[in-house]
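Novice: To start, I am sharing the structure in question, which I have written as structure tokens.
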Amino acid sequence: MNKKLKEKLIDIEPYIPGEQPKGDGIIKLNTNECPYPPSPRVAEALKKIESGRLNLYPDFVCKELKEIISENYPINPEEIFLGNGSDEVLALCFRAFFNSKKPVLFPDITYSFYTVWAELFGIPYGTVALREDFTLDKEGFFEENGGVVIPNPNAPTSIAAPKSVIEEIIEKNRDSIVIIDEAYVDFSEEGSIAALIHKYDNLVVVQTYSKSRALAGIRFGYAFADKELIAVLEAVRNSFNSYTINTVTRILAEESGKDRGYFEICVNSIKRTRQRLTDGLSDMGFVTCPSGSNFVFTSKPGISGKELFEYLKSKNIYVRHFDKPKISDHLRITVGTDKEIDTLLNEIEKFLHR
Ligand SMILES: *Cc1c(COP(=O)(O)O)cnc(C)c1O
């Protein structure tokens, strides 16, 4: 390609998702998916989908789906924005709400997609260092800024900040949009701050069906915010792609949303296995962050994170390793089934006694 042609192309370093290896006997604990299938109601609904209706564009109002979501939260349908996974919702939020010359702030150790969107949209950004123990340093977010993004619980640390700390950050930033990314909130004892959107018109809460609802494959996420903010988000989406929720996704998300019972069984099961995993790691001398998520973040003094990662991979067990300062000896391990976690713990034991 000639230089002048090349100059016209965007030069961007993309987000790198965890691998999606295929094959028998692979234990996949690297992308925080749910190890269980979605609600049986989803399977039933999938069988009944009328393919003859797929010639039509999807229903972009999604009234029923919004009503189902608002049953679990004290939120009105006009305070809900739906998207093709929360990654899309977050990307549209960045475009819609971060239009300042001042930097958007997020933690230094966090979801690596935030930097990618900031780069893609040309948004200035800065990071606020987590404390030594990977907890949030709220003071750093009181500096002047063009916006704030915090995942709570944070990824990949798994730690949930108390609601009071999050509220203080929102309260001190009345002139900026504060996005709280609650991808893992259902696994946390802290719970959602969604109801605070009625108190703070600068708050956006983002959630997803990818983790706790076991529906990463349908791509469905949403945001709660004051209806004026939602209207801006809708304007941005409609300047890009009006139909981000496809017909199949809408129908399956509705069914999952209605099945509160199955959802609770799944989440509780993951929390129990998380405890077993944490205890098993602790017995082998690992230090694990207190997790409010469906994954743990762990390390053992004197053990190389990269070596353990490579060893597990050679045994067909995929976890996540980040070659980054401060966390290069940590592994992020998704909570799988009890059986998967037993195999994992066994292999780690073998690694330690090589
Ligand atoms: C998984 C994840 C998301 C994205 O989830 P979607 O599958 O796009 O809904 C967003 N934020 C964080 C912190 C995540 O870990």
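Residues in the structure tokens are numbered from 1 in each chain, the chains being A, B, ... in the order shown, and ligands are numbered from 1 in the order shown.
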Tell me which protein, DNA and RNA residues are within 10 Å of range 163-175 of chain A, counting only C-alpha atoms, leaving out same-chain ones fewer than 6 positions away, and put them as an MDAnalysis selection string.
Specialist: chainID A and resid 136:148 150 152 190:193 196 199:204
Novice: Return as a compact mmCIF listing (two decimals) with all heavy atoms, in the first residue's frame the residues of protein, DNA or RNA that approach ligand 1 to within 8 Å, with only C-alpha atoms and all ligand atoms taken into account.
Specialist:
# COMPACT_ATOMS: atom_id res chain seq x y z
N THR A 31 -13.03 -15.83 29.84
CA THR A 31 -13.78 -14.65 29.37
C THR A 31 -15.01 -14.34 30.23
O THR A 31 -15.90 -13.62 29.79
CB THR A 31 -14.21 -14.78 27.88
OG1 THR A 31 -14.79 -16.07 27.70
CG2 THR A 31 -13.04 -14.64 26.94
N ASN A 32 -15.03 -14.88 31.43
CA ASN A 32 -16.10 -14.56 32.38
C ASN A 32 -17.51 -14.87 31.89
O ASN A 32 -18.48 -14.21 32.27
CB ASN A 32 -16.01 -13.09 32.83
CG ASN A 32 -14.71 -12.83 33.58
OD1 ASN A 32 -14.05 -13.77 34.02
ND2 ASN A 32 -14.34 -11.57 33.73
N ASN A 84 -26.55 -3.64 21.71
CA ASN A 84 -26.00 -4.91 21.24
C ASN A 84 -24.80 -5.28 22.13
O ASN A 84 -23.65 -5.15 21.74
CB ASN A 84 -25.59 -4.72 19.77
CG ASN A 84 -25.11 -5.99 19.11
OD1 ASN A 84 -23.93 -6.18 18.88
ND2 ASN A 84 -26.03 -6.87 18.83
N GLY A 85 -25.10 -5.72 23.34
CA GLY A 85 -24.06 -5.96 24.33
C GLY A 85 -23.74 -4.66 25.05
O GLY A 85 -23.95 -3.58 24.49
N SER A 86 -23.25 -4.76 26.29
CA SER A 86 -22.96 -3.50 26.98
C SER A 86 -21.73 -2.83 26.40
O SER A 86 -21.54 -1.63 26.55
CB SER A 86 -22.85 -3.70 28.49
OG SER A 86 -21.81 -4.58 28.81
N ASP A 87 -20.89 -3.57 25.69
CA ASP A 87 -19.77 -2.93 25.00
C ASP A 87 -20.28 -1.88 24.02
O ASP A 87 -19.72 -0.79 23.93
CB ASP A 87 -18.93 -3.97 24.22
CG ASP A 87 -18.01 -4.76 25.14
OD1 ASP A 87 -17.73 -4.29 26.26
OD2 ASP A 87 -17.56 -5.85 24.73
N GLU A 88 -21.33 -2.20 23.30
CA GLU A 88 -21.87 -1.20 22.38
C GLU A 88 -22.48 -0.03 23.15
O GLU A 88 -22.29 1.13 22.79
CB GLU A 88 -22.93 -1.80 21.46
CG GLU A 88 -23.40 -0.76 20.46
CD GLU A 88 -24.65 -1.19 19.72
OE1 GLU A 88 -25.71 -1.28 20.33
OE2 GLU A 88 -24.53 -1.42 18.51
N VAL A 89 -23.21 -0.34 24.22
CA VAL A 89 -23.82 0.72 25.03
C VAL A 89 -22.73 1.66 25.55
O VAL A 89 -22.85 2.88 25.48
CB VAL A 89 -24.62 0.10 26.21
CG1 VAL A 89 -25.14 1.20 27.13
CG2 VAL A 89 -25.78 -0.75 25.68
N LEU A 90 -21.64 1.07 26.05
CA LEU A 90 -20.54 1.88 26.59
C LEU A 90 -19.89 2.73 25.49
O LEU A 90 -19.61 3.92 25.68
CB LEU A 90 -19.49 0.97 27.24
CG LEU A 90 -19.91 0.37 28.60
CD1 LEU A 90 -19.06 -0.86 28.94
CD2 LEU A 90 -19.79 1.42 29.72
N THR A 110 -8.09 -1.63 34.95
CA THR A 110 -9.53 -1.73 34.71
C THR A 110 -9.78 -2.37 33.35
O THR A 110 -8.87 -2.87 32.70
CB THR A 110 -10.20 -0.34 34.82
OG1 THR A 110 -11.60 -0.51 34.98
CG2 THR A 110 -9.95 0.54 33.60
N TYR A 111 -11.02 -2.36 32.94
CA TYR A 111 -11.45 -2.94 31.67
C TYR A 111 -10.71 -2.24 30.53
O TYR A 111 -10.84 -1.03 30.36
CB TYR A 111 -12.95 -2.75 31.56
CG TYR A 111 -13.63 -3.49 30.42
CD1 TYR A 111 -13.23 -4.76 30.06
CD2 TYR A 111 -14.70 -2.89 29.75
CE1 TYR A 111 -13.89 -5.43 29.03
CE2 TYR A 111 -15.36 -3.55 28.74
CZ TYR A 111 -14.95 -4.82 28.38
OH TYR A 111 -15.60 -5.49 27.36
N PRO A 151 -15.91 0.58 36.57
CA PRO A 151 -16.68 -0.65 36.65
C PRO A 151 -16.81 -1.02 38.13
O PRO A 151 -15.83 -0.99 38.86
CB PRO A 151 -15.82 -1.68 35.93
CG PRO A 151 -14.52 -1.02 35.60
CD PRO A 151 -14.50 0.31 36.28
N ASN A 152 -18.01 -1.35 38.54
CA ASN A 152 -18.18 -1.77 39.93
C ASN A 152 -19.10 -2.98 39.98
O ASN A 152 -20.27 -2.84 39.65
CB ASN A 152 -18.75 -0.63 40.78
CG ASN A 152 -18.50 -0.89 42.26
OD1 ASN A 152 -17.44 -1.37 42.66
ND2 ASN A 152 -19.50 -0.63 43.07
N PRO A 153 -18.58 -4.16 40.38
CA PRO A 153 -17.18 -4.51 40.69
C PRO A 153 -16.22 -4.21 39.54
O PRO A 153 -16.62 -4.23 38.38
CB PRO A 153 -17.24 -6.01 40.94
CG PRO A 153 -18.67 -6.30 41.29
CD PRO A 153 -19.48 -5.30 40.55
N ASN A 154 -14.95 -3.97 39.91
CA ASN A 154 -13.94 -3.67 38.90
C ASN A 154 -13.46 -4.96 38.23
O ASN A 154 -13.52 -6.04 38.80
CB ASN A 154 -12.77 -2.94 39.56
CG ASN A 154 -11.84 -2.26 38.55
OD1 ASN A 154 -12.12 -2.22 37.35
ND2 ASN A 154 -10.73 -1.72 39.04
N ALA A 155 -12.99 -4.81 37.01
CA ALA A 155 -12.36 -5.93 36.29
C ALA A 155 -10.97 -5.46 35.88
O ALA A 155 -10.83 -4.32 35.49
CB ALA A 155 -13.18 -6.27 35.05
N PRO A 156 -9.93 -6.26 35.96
CA PRO A 156 -9.95 -7.68 36.34
C PRO A 156 -9.75 -7.94 37.84
O PRO A 156 -9.51 -9.08 38.22
CB PRO A 156 -8.75 -8.23 35.57
CG PRO A 156 -7.75 -7.10 35.61
CD PRO A 156 -8.57 -5.83 35.56
N ASP A 181 -20.13 0.94 35.33
CA ASP A 181 -20.28 -0.27 34.52
C ASP A 181 -20.52 -1.45 35.47
O ASP A 181 -19.60 -1.92 36.12
CB ASP A 181 -18.99 -0.42 33.70
CG ASP A 181 -18.98 -1.67 32.82
OD1 ASP A 181 -19.91 -2.48 32.90
OD2 ASP A 181 -18.01 -1.82 32.05
N GLU A 182 -21.78 -1.88 35.53
CA GLU A 182 -22.15 -2.92 36.49
C GLU A 182 -22.23 -4.31 35.84
O GLU A 182 -23.12 -5.10 36.14
CB GLU A 182 -23.48 -2.58 37.17
CG GLU A 182 -23.38 -1.35 38.07
CD GLU A 182 -24.60 -1.15 38.98
OE1 GLU A 182 -25.73 -1.53 38.57
OE2 GLU A 182 -24.44 -0.60 40.08
N ALA A 183 -21.27 -4.64 34.98
CA ALA A 183 -21.29 -5.93 34.28
C ALA A 183 -21.38 -7.11 35.26
O ALA A 183 -21.96 -8.15 34.94
CB ALA A 183 -20.05 -6.08 33.39
N TYR A 184 -20.79 -6.95 36.46
CA TYR A 184 -20.72 -8.08 37.41
C TYR A 184 -21.55 -7.87 38.66
O TYR A 184 -21.42 -8.62 39.62
CB TYR A 184 -19.25 -8.31 37.79
CG TYR A 184 -18.41 -8.62 36.59
CD1 TYR A 184 -17.56 -7.67 36.03
CD2 TYR A 184 -18.50 -9.87 35.96
CE1 TYR A 184 -16.82 -7.94 34.90
CE2 TYR A 184 -17.77 -10.15 34.83
CZ TYR A 184 -16.93 -9.19 34.30
OH TYR A 184 -16.20 -9.47 33.17
N GLN A 207 -25.50 -2.24 32.45
CA GLN A 207 -25.55 -3.66 32.83
C GLN A 207 -25.62 -4.54 31.58
O GLN A 207 -25.82 -4.05 30.47
CB GLN A 207 -26.76 -3.94 33.72
CG GLN A 207 -26.73 -3.16 35.04
CD GLN A 207 -27.84 -3.58 36.00
OE1 GLN A 207 -28.75 -4.31 35.63
NE2 GLN A 207 -27.76 -3.10 37.23
N THR A 208 -25.46 -5.85 31.78
CA THR A 208 -25.42 -6.78 30.65
C THR A 208 -26.07 -8.12 30.98
O THR A 208 -26.12 -8.51 32.14
CB THR A 208 -23.95 -7.02 30.22
OG1 THR A 208 -23.92 -8.00 29.18
CG2 THR A 208 -23.09 -7.54 31.36
N TYR A 209 -26.53 -8.80 29.93
CA TYR A 209 -27.04 -10.17 30.10
C TYR A 209 -25.93 -11.19 29.80
O TYR A 209 -26.18 -12.39 29.75
CB TYR A 209 -28.25 -10.41 29.18
CG TYR A 209 -29.59 -10.07 29.84
CD1 TYR A 209 -29.67 -9.13 30.87
CD2 TYR A 209 -30.77 -10.70 29.43
CE1 TYR A 209 -30.89 -8.83 31.46
CE2 TYR A 209 -31.99 -10.40 30.03
CZ TYR A 209 -32.05 -9.47 31.03
OH TYR A 209 -33.25 -9.17 31.62
N SER A 210 -24.72 -10.72 29.54
CA SER A 210 -23.64 -11.63 29.13
C SER A 210 -23.10 -12.49 30.25
O SER A 210 -22.64 -13.60 30.01
CB SER A 210 -22.47 -10.84 28.53
OG SER A 210 -22.85 -10.24 27.33
N LYS A 211 -23.11 -11.99 31.48
CA LYS A 211 -22.46 -12.71 32.55
C LYS A 211 -23.49 -13.45 33.41
O LYS A 211 -23.63 -14.65 33.31
CB LYS A 211 -21.62 -11.74 33.40
CG LYS A 211 -20.29 -11.20 32.85
CD LYS A 211 -20.10 -10.86 31.49
CE LYS A 211 -18.77 -10.53 30.93
NZ LYS A 211 -18.39 -9.14 30.83
N ALA A 216 -24.12 -14.32 26.77
CA ALA A 216 -23.09 -13.57 26.03
C ALA A 216 -23.30 -13.70 24.52
O ALA A 216 -23.01 -12.76 23.76
CB ALA A 216 -21.70 -14.05 26.42
N ARG A 219 -25.69 -11.03 22.65
CA ARG A 219 -25.28 -9.62 22.69
C ARG A 219 -26.42 -8.73 23.16
O ARG A 219 -27.19 -8.18 22.37
CB ARG A 219 -24.78 -9.13 21.31
CG ARG A 219 -23.79 -10.01 20.61
CD ARG A 219 -22.58 -10.32 21.49
NE ARG A 219 -21.83 -9.16 21.88
CZ ARG A 219 -21.53 -8.86 23.17
NH1 ARG A 219 -21.89 -9.64 24.16
NH2 ARG A 219 -20.85 -7.79 23.45
N PHE A 220 -26.56 -8.59 24.46
CA PHE A 220 -27.60 -7.71 24.99
C PHE A 220 -27.12 -7.01 26.26
O PHE A 220 -26.73 -7.65 27.23
CB PHE A 220 -28.90 -8.49 25.28
CG PHE A 220 -29.98 -7.62 25.86
CD1 PHE A 220 -30.47 -6.54 25.14
CD2 PHE A 220 -30.47 -7.85 27.14
CE1 PHE A 220 -31.44 -5.70 25.68
CE2 PHE A 220 -31.46 -7.02 27.68
CZ PHE A 220 -31.94 -5.95 26.94
N GLY A 221 -27.13 -5.69 26.21
CA GLY A 221 -26.79 -4.88 27.38
C GLY A 221 -27.66 -3.64 27.40
O GLY A 221 -28.38 -3.37 26.42
Novice: Pull the strand (DSSP E) assignments for range 117-341 of chain A out of DSSP run on the backbone, and list those residues as a ChimeraX atom specification.
Specialist: /A:125-128,147-151,178-181,203-208,221-225,287-288,295-299,317-318,320-321,331-334
Novice: The selected residues should be written to file as a short mmCIF file (atom, residue, chain, number, x, y, z; two decimals), in the first residue's frame (atoms: N, CA, C and O atoms).
Specialist:
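For reference, part-v6.cif as written:
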data_model
loop_
_atom_site.label_atom_id
_atom_site.label_comp_id
_atom_site.auth_asym_id
_atom_site.auth_seq_id
_atom_site.Cartn_x
_atom_site.Cartn_y
_atom_site.Cartn_z
N TYR A 125 -7.92 11.19 27.92
CA TYR A 125 -8.22 10.42 29.13
C TYR A 125 -7.03 10.37 30.06
O TYR A 125 -5.89 10.62 29.65
N GLY A 126 -7.30 10.07 31.31
CA GLY A 126 -6.25 9.91 32.31
C GLY A 126 -6.65 8.78 33.23
O GLY A 126 -7.83 8.41 33.30
N THR A 127 -5.67 8.20 33.94
CA THR A 127 -6.02 7.10 34.83
C THR A 127 -5.76 7.49 36.28
O THR A 127 -4.89 8.31 36.57
N VAL A 128 -6.53 6.89 37.16
CA VAL A 128 -6.38 7.10 38.60
C VAL A 128 -5.87 5.79 39.17
O VAL A 128 -6.53 4.75 39.01
N GLY A 147 -15.27 13.53 32.41
CA GLY A 147 -16.17 12.39 32.63
C GLY A 147 -15.45 11.34 33.45
O GLY A 147 -14.23 11.40 33.63
N VAL A 148 -16.23 10.39 33.98
CA VAL A 148 -15.66 9.34 34.82
C VAL A 148 -16.28 8.00 34.40
O VAL A 148 -17.48 7.93 34.10
N VAL A 149 -15.46 6.96 34.33
CA VAL A 149 -15.97 5.60 34.09
C VAL A 149 -15.37 4.67 35.13
O VAL A 149 -14.14 4.60 35.27
N ILE A 150 -16.22 3.97 35.82
CA ILE A 150 -15.75 3.01 36.83
C ILE A 150 -16.57 1.74 36.72
O ILE A 150 -17.81 1.78 36.77
N PRO A 151 -15.91 0.58 36.57
CA PRO A 151 -16.68 -0.65 36.65
C PRO A 151 -16.81 -1.02 38.13
O PRO A 151 -15.83 -0.99 38.86
N VAL A 178 -20.90 10.47 34.97
CA VAL A 178 -20.22 9.35 35.62
C VAL A 178 -20.89 8.06 35.17
O VAL A 178 -22.09 7.87 35.39
N ILE A 179 -20.12 7.20 34.50
CA ILE A 179 -20.65 5.91 34.06
C ILE A 179 -20.20 4.84 35.03
O ILE A 179 -19.00 4.69 35.29
N ILE A 180 -21.15 4.11 35.60
CA ILE A 180 -20.81 2.97 36.45
C ILE A 180 -21.16 1.71 35.66
O ILE A 180 -22.33 1.47 35.34
N ASP A 181 -20.13 0.94 35.33
CA ASP A 181 -20.28 -0.27 34.52
C ASP A 181 -20.52 -1.45 35.47
O ASP A 181 -19.60 -1.92 36.12
N LEU A 203 -25.58 10.55 36.30
CA LEU A 203 -25.22 9.14 36.47
C LEU A 203 -25.77 8.26 35.34
O LEU A 203 -26.94 8.35 34.98
N VAL A 204 -24.91 7.38 34.82
CA VAL A 204 -25.33 6.35 33.86
C VAL A 204 -24.88 5.00 34.41
O VAL A 204 -23.72 4.81 34.74
N VAL A 205 -25.83 4.08 34.54
CA VAL A 205 -25.52 2.74 35.05
C VAL A 205 -25.66 1.75 33.88
O VAL A 205 -26.70 1.75 33.21
N VAL A 206 -24.63 0.95 33.64
CA VAL A 206 -24.66 0.03 32.50
C VAL A 206 -24.63 -1.41 33.00
O VAL A 206 -23.84 -1.75 33.89
N GLN A 207 -25.50 -2.24 32.45
CA GLN A 207 -25.55 -3.66 32.83
C GLN A 207 -25.62 -4.54 31.58
O GLN A 207 -25.82 -4.05 30.47
N THR A 208 -25.46 -5.85 31.78
CA THR A 208 -25.42 -6.78 30.65
C THR A 208 -26.07 -8.12 30.98
O THR A 208 -26.12 -8.51 32.14
N GLY A 221 -27.13 -5.69 26.21
CA GLY A 221 -26.79 -4.88 27.38
C GLY A 221 -27.66 -3.64 27.40
O GLY A 221 -28.38 -3.37 26.42
N TYR A 222 -27.62 -2.88 28.48
CA TYR A 222 -28.49 -1.71 28.58
C TYR A 222 -27.94 -0.71 29.58
O TYR A 222 -27.04 -1.03 30.36
N ALA A 223 -28.49 0.50 29.50
CA ALA A 223 -28.09 1.55 30.43
C ALA A 223 -29.32 2.15 31.09
O ALA A 223 -30.39 2.21 30.48
N PHE A 224 -29.15 2.58 32.34
CA PHE A 224 -30.17 3.35 33.06
C PHE A 224 -29.63 4.77 33.24
O PHE A 224 -28.47 4.94 33.64
N ALA A 225 -30.46 5.76 32.99
CA ALA A 225 -30.05 7.15 33.23
C ALA A 225 -31.28 8.04 33.16
O ALA A 225 -32.36 7.61 32.72
N VAL A 287 -2.97 -15.64 47.16
CA VAL A 287 -3.70 -14.52 47.75
C VAL A 287 -4.72 -14.06 46.70
O VAL A 287 -4.35 -13.73 45.57
N THR A 288 -5.99 -14.08 47.06
CA THR A 288 -7.06 -13.79 46.12
C THR A 288 -7.82 -12.55 46.58
O THR A 288 -8.18 -12.44 47.75
N PHE A 295 -15.60 -14.12 38.77
CA PHE A 295 -14.21 -14.51 38.52
C PHE A 295 -13.40 -14.11 39.74
O PHE A 295 -13.88 -13.35 40.59
N VAL A 296 -12.19 -14.67 39.83
CA VAL A 296 -11.30 -14.25 40.93
C VAL A 296 -10.00 -13.74 40.33
O VAL A 296 -9.66 -14.06 39.19
N PHE A 297 -9.30 -12.94 41.11
CA PHE A 297 -8.03 -12.36 40.69
C PHE A 297 -7.02 -12.77 41.74
O PHE A 297 -7.15 -12.41 42.91
N THR A 298 -6.03 -13.57 41.33
CA THR A 298 -5.23 -14.25 42.33
C THR A 298 -3.75 -14.30 41.94
O THR A 298 -3.41 -14.24 40.75
N SER A 299 -2.89 -14.41 42.94
CA SER A 299 -1.46 -14.57 42.68
C SER A 299 -0.84 -15.27 43.87
O SER A 299 -1.40 -15.28 44.97
N ILE A 317 -6.54 -25.76 29.92
CA ILE A 317 -7.32 -24.91 30.82
C ILE A 317 -6.96 -23.47 30.50
O ILE A 317 -5.82 -23.05 30.65
N TYR A 318 -7.96 -22.74 30.03
CA TYR A 318 -7.73 -21.35 29.63
C TYR A 318 -8.17 -20.39 30.73
O TYR A 318 -9.33 -20.39 31.13
N ARG A 320 -7.07 -16.11 32.21
CA ARG A 320 -6.58 -14.87 31.58
C ARG A 320 -5.38 -14.33 32.32
O ARG A 320 -5.38 -14.26 33.56
N HIS A 321 -4.37 -13.95 31.55
CA HIS A 321 -3.16 -13.33 32.10
C HIS A 321 -2.96 -12.00 31.40
O HIS A 321 -3.14 -11.91 30.19
N LEU A 331 -3.47 -13.97 37.90
CA LEU A 331 -4.33 -14.60 36.92
C LEU A 331 -5.77 -14.23 37.23
O LEU A 331 -6.16 -14.12 38.39
N ARG A 332 -6.53 -14.03 36.16
CA ARG A 332 -7.97 -13.83 36.33
C ARG A 332 -8.64 -15.13 35.92
O ARG A 332 -8.48 -15.59 34.79
N ILE A 333 -9.35 -15.73 36.85
CA ILE A 333 -9.95 -17.04 36.61
C ILE A 333 -11.47 -16.93 36.72
O ILE A 333 -12.00 -16.56 37.78
N THR A 334 -12.16 -17.27 35.66
CA THR A 334 -13.62 -17.27 35.69
C THR A 334 -14.10 -18.45 36.55
O THR A 334 -13.55 -19.54 36.47
#
Novice: Would you mind telling me which residue in A:Lys326, A:Met1, A:Leu345, A:Leu46 lies nearest to Thr249 in chain A when using only C-alpha atoms?
Specialist: A:Leu46
Novice: Please indicate the distance in Å from CA of Asp11 in chain A to CA of Pro325 in chain A, rounded to one decimal place.
Specialist: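 Here the two named atoms are 24.2 Å from each other.
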Novice: My list of candidates is A:Glu13, A:Glu349, A:Glu44, A:Asp24. Which is closest to Tyr311 in chain A when distances are computed with only C-alpha atoms?
Specialist: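 Of A:Glu13, A:Glu349, A:Glu44, A:Asp24, the one nearest Tyr311 in chain A is A:Glu349, counting only C-alpha atoms.
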Novice: Would you please extract all helix (DSSP H, G or I) residues from range 108-219 of chain A, as assigned by DSSP on the backbone, and give them as a PyMOL selection string?
Specialist: chain A and resi 113-121+138-142+163-171+185-187+194-198+216-218
Novice: Extract, using only C-alpha atoms, all DNA, RNA and protein residues at most 12 Å from Lys313 in chain A, discarding same-chain residues fewer than 3 positions from it, and format them as number ranges by chain.
Specialist: A: 19, 21, 25-30, 306-310, 316-321, 344, 347-348, 351
Novice: Taking only residues of range 64-126 of chain A that have an atom at most 7 Å from an atom of range 254-272 of chain A, what is each one's shortest atom pair and its distance in Å to one decimal, using only C-alpha atoms, in chain and number order, as a Markdown table?
Specialist:
| residue | atom | partner | partner_atom | distance |
| --- | --- | --- | --- | --- |
| A:Leu65 | CA | A:Glu254 | CA | 5.3 |
| A:Ile68 | CA | A:Gly257 | CA | 6.1 |
| A:Ile69 | CA | A:Gly257 | CA | 6.6 |
Novice: Identify which of the residues A:His198, A:Arg213, A:Arg237, A:His330 lies closest to Pro74 in chain A, counting only C-alpha atoms when measuring atom-to-atom distances.
Specialist: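 Closest to Pro74 in chain A of all the choices is A:His198.
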Novice: Would you mind listing what lies within 9 Å of Lys227 in chain A as a list of chain:residue names, with only C-alpha atoms counted and same-chain residues fewer than 6 positions away left out?
Specialist: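 With the cut-off at 9 Å, the set is A:Asn76, A:Glu78, A:Glu79, A:Ile80, A:Asp201.
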Novice: Mind dumping the selected residues with all heavy atoms as a PDB file, in the first residue's frame?
Specialist:
ATOM      1  N   ASN A  76     -38.104   3.676  35.108  1.00  0.00           N
ATOM      2  CA  ASN A  76     -39.156   3.790  34.099  1.00  0.00           C
ATOM      3  C   ASN A  76     -38.605   3.451  32.718  1.00  0.00           C
ATOM      4  O   ASN A  76     -37.428   3.717  32.451  1.00  0.00           O
ATOM      5  CB  ASN A  76     -39.713   5.213  34.073  1.00  0.00           C
ATOM      6  CG  ASN A  76     -40.187   5.631  35.462  1.00  0.00           C
ATOM      7  OD1 ASN A  76     -40.978   4.940  36.094  1.00  0.00           O
ATOM      8  ND2 ASN A  76     -39.648   6.742  35.953  1.00  0.00           N
ATOM      9  N   GLU A  78     -38.654   4.899  29.975  1.00  0.00           N
ATOM     10  CA  GLU A  78     -37.947   5.975  29.233  1.00  0.00           C
ATOM     11  C   GLU A  78     -36.589   6.300  29.838  1.00  0.00           C
ATOM     12  O   GLU A  78     -35.862   7.150  29.335  1.00  0.00           O
ATOM     13  CB  GLU A  78     -38.827   7.225  29.093  1.00  0.00           C
ATOM     14  CG  GLU A  78     -39.178   7.932  30.373  1.00  0.00           C
ATOM     15  CD  GLU A  78     -40.453   7.396  31.054  1.00  0.00           C
ATOM     16  OE1 GLU A  78     -40.865   6.232  30.769  1.00  0.00           O
ATOM     17  OE2 GLU A  78     -41.019   8.124  31.881  1.00  0.00           O
ATOM     18  N   GLU A  79     -36.238   5.599  30.924  1.00  0.00           N
ATOM     19  CA  GLU A  79     -34.907   5.779  31.525  1.00  0.00           C
ATOM     20  C   GLU A  79     -33.984   4.604  31.168  1.00  0.00           C
ATOM     21  O   GLU A  79     -32.966   4.391  31.814  1.00  0.00           O
ATOM     22  CB  GLU A  79     -35.039   5.894  33.053  1.00  0.00           C
ATOM     23  CG  GLU A  79     -35.796   7.142  33.469  1.00  0.00           C
ATOM     24  CD  GLU A  79     -36.331   7.088  34.898  1.00  0.00           C
ATOM     25  OE1 GLU A  79     -36.574   5.973  35.429  1.00  0.00           O
ATOM     26  OE2 GLU A  79     -36.530   8.175  35.470  1.00  0.00           O
ATOM     27  N   ILE A  80     -34.393   3.836  30.147  1.00  0.00           N
ATOM     28  CA  ILE A  80     -33.610   2.658  29.753  1.00  0.00           C
ATOM     29  C   ILE A  80     -33.171   2.775  28.294  1.00  0.00           C
ATOM     30  O   ILE A  80     -33.975   3.137  27.426  1.00  0.00           O
ATOM     31  CB  ILE A  80     -34.446   1.354  29.910  1.00  0.00           C
ATOM     32  CG1 ILE A  80     -34.936   1.215  31.352  1.00  0.00           C
ATOM     33  CG2 ILE A  80     -33.620   0.132  29.500  1.00  0.00           C
ATOM     34  CD1 ILE A  80     -35.840   0.005  31.572  1.00  0.00           C
ATOM     35  N   ASP A 201     -28.592  13.428  37.990  1.00  0.00           N
ATOM     36  CA  ASP A 201     -28.827  13.441  36.543  1.00  0.00           C
ATOM     37  C   ASP A 201     -27.531  13.292  35.747  1.00  0.00           C
ATOM     38  O   ASP A 201     -27.525  13.353  34.530  1.00  0.00           O
ATOM     39  CB  ASP A 201     -29.608  14.693  36.126  1.00  0.00           C
ATOM     40  CG  ASP A 201     -28.845  15.974  36.387  1.00  0.00           C
ATOM     41  OD1 ASP A 201     -27.686  15.915  36.870  1.00  0.00           O
ATOM     42  OD2 ASP A 201     -29.401  17.062  36.103  1.00  0.00           O
TER      43      ASP A 201
END
Novice: Go ahead and compute the interatomic distance for CA of Phe322 in chain A and CA of Ser112 in chain A, in Å to one decimal.
Specialist: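 We find that CA of Phe322 in chain A and CA of Ser112 in chain A lie 10.2 Å from each other.
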Novice: Could you tell me which of A:Leu82, A:Val116, A:Ile303, A:Cys93 comes closest to Val232 in chain A if we count only C-alpha atoms?
Specialist: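 Closest residue, counting only C-alpha atoms: A:Cys93.
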